[in-house]
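Here is the structure we will look at, set down as structure tokens.
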Amino acid sequence: MISKTRLVHSLAAAALIASGAAYADGFTLTSPDVAEGARMSEQQVFKGFGCDGGNVSPALAWRNPPAGTQSYAITMYDPDAPTGSGWWHWVVVNLPAQTLALPAGAGTAPGKLPEGARQIGTDFGAPGYGGPCPPVGHGTHRYVFTVYALKTPQLDLPANATAALAGYMMRANSLGAASLTATYSR
């Protein structure tokens, strides 16, 4: 039986291969704050919409990016949100190629992102990290953190770019991707 994590990675690899991108088998994403398949802590939970968390983005680190990587992008996405299209919680683009980690709070505290990096508006209506806050009684939601290794030094996105447009551009310029999935419910 194939695990959900393996299935997500396999589907991501298939999508990248179909798009002409090379899948980087050794490309991995880890976090000291968020464990694969584990519940996210109250420190990462959104503050608002009835949630009272710390709304601090977790520390993330990645290794073994594909050859030719010129920049990175990071997303946090909830495919279980009751919207019909999921929920974008965090989108960061234009992370320089030498960046291999982000500290906790990079999505919410000024000055923690590398120079040149840009946060795109999320489904909360503003740029920056927005932690989990699923509807009460809606079951367990998955929160997928993905780092994309890109073949371009930056994504040229308009000032009002949506997370969906950024996602399209990430996938169109991806050399590989690595994901980590955590959960949360209330």
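Identifiers for the structure tokens are assigned positionally: chains receive A, B, ... in sequence, residues are indexed from 1 per chain, and ligands are indexed from 1 in the order shown.
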
**Prompt:** Where in chain A does DSSP assign helix (DSSP H, G or I), given as a count of residues only?
**Reply:** 25

**Message:** Let's see if you can do this: from backbone DSSP, list all strand (DSSP E or B) residues in segment 25-169 of chain A, as a ChimeraX atom specification.
**Reply:** /A:28-30,39,47-48,51-52,60-63,71-78,87-96,101-102,118-119,121,127,141-150

**Message:** So that I can check the surroundings of segment 68-75 of chain A, please list as a ChimeraX atom specification every protein, DNA and RNA residue that reaches within 8 Å of it, counting only C-alpha atoms and ignoring chain neighbours fewer than 3 positions away.
**Reply:** /A:65,88-99,144-154,170,175

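Here atom CA of Tyr143 of chain A is placed at a distance of 13.4 Å from atom CA of Asp33 of chain A.
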
**Request:** Counting only C-alpha atoms, figure out which residue out of A:Ala178, A:Pro158, A:Asn173, A:Pro134 gets nearest to Cys51 of chain A.
**Result:** A:Pro134

**Asked** In terms of the shortest atom-to-atom distance over only C-alpha atoms, which of A:Phe46, A:Tyr77, A:Trp87, A:Trp62 is closest to Ala101 of chain A?
**Response** A:Trp62

**Ser57 of chain A environment, 9 Å, only C-alpha atoms, sequence neighbours closer than 6 positions dropped, as a list in words** = Gln43, Gln44, Val45, Trp90, Pro103, Ala104, Gly105, Ala106, Gly107, Thr108, Tyr129, Gly130 and Gly131 of chain A

**Message:** Which residues are near Ala163 of chain A? Cut-off 8 Å, only C-alpha atoms, ignore same chain within fewer than 4 positions. Put them as a ChimeraX atom specification.
**Reply:** /A:88,91,120-123,167

Selection file, N, CA, C and O atoms, as a compact mmCIF listing (two decimals), in the first residue's frame:
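Final file, part-v9.txt:
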```
# COMPACT_ATOMS: atom_id res chain seq x y z
N TRP A 88 -4.61 29.00 -0.02
CA TRP A 88 -3.20 29.38 -0.02
C TRP A 88 -2.91 30.12 1.28
O TRP A 88 -3.45 31.18 1.52
N VAL A 91 2.91 32.18 0.34
CA VAL A 91 3.59 32.09 -0.95
C VAL A 91 4.77 33.06 -0.92
O VAL A 91 4.60 34.26 -0.73
N ILE A 120 3.69 36.85 -1.69
CA ILE A 120 2.52 37.09 -2.54
C ILE A 120 1.27 37.02 -1.68
O ILE A 120 1.22 36.28 -0.69
N GLY A 121 0.24 37.76 -2.06
CA GLY A 121 -1.03 37.73 -1.33
C GLY A 121 -1.59 36.32 -1.24
O GLY A 121 -1.53 35.55 -2.19
N THR A 122 -2.12 35.99 -0.06
CA THR A 122 -2.70 34.67 0.18
C THR A 122 -4.22 34.78 0.17
O THR A 122 -4.79 35.85 -0.06
N ASP A 123 -4.86 33.67 0.47
CA ASP A 123 -6.32 33.69 0.54
C ASP A 123 -6.84 34.41 1.78
O ASP A 123 -8.04 34.63 1.91
N GLY A 167 1.62 30.28 -8.37
CA GLY A 167 1.72 28.82 -8.47
C GLY A 167 1.90 28.36 -9.90
O GLY A 167 2.70 27.46 -10.18
```

**Message:** Between A:Val136, A:Glu42, A:Leu102, A:Arg142, which residue has the minimum interatomic distance to Gly54 of chain A, considering only C-alpha atoms?
**Reply:** A:Glu42

**Prompt:** From the set A:Leu29, A:Ala59, A:Met76, A:Ala38, which residue has the shortest atom-to-atom contact distance to Pro132 of chain A, counting only C-alpha atoms?
**Reply:** A:Met76
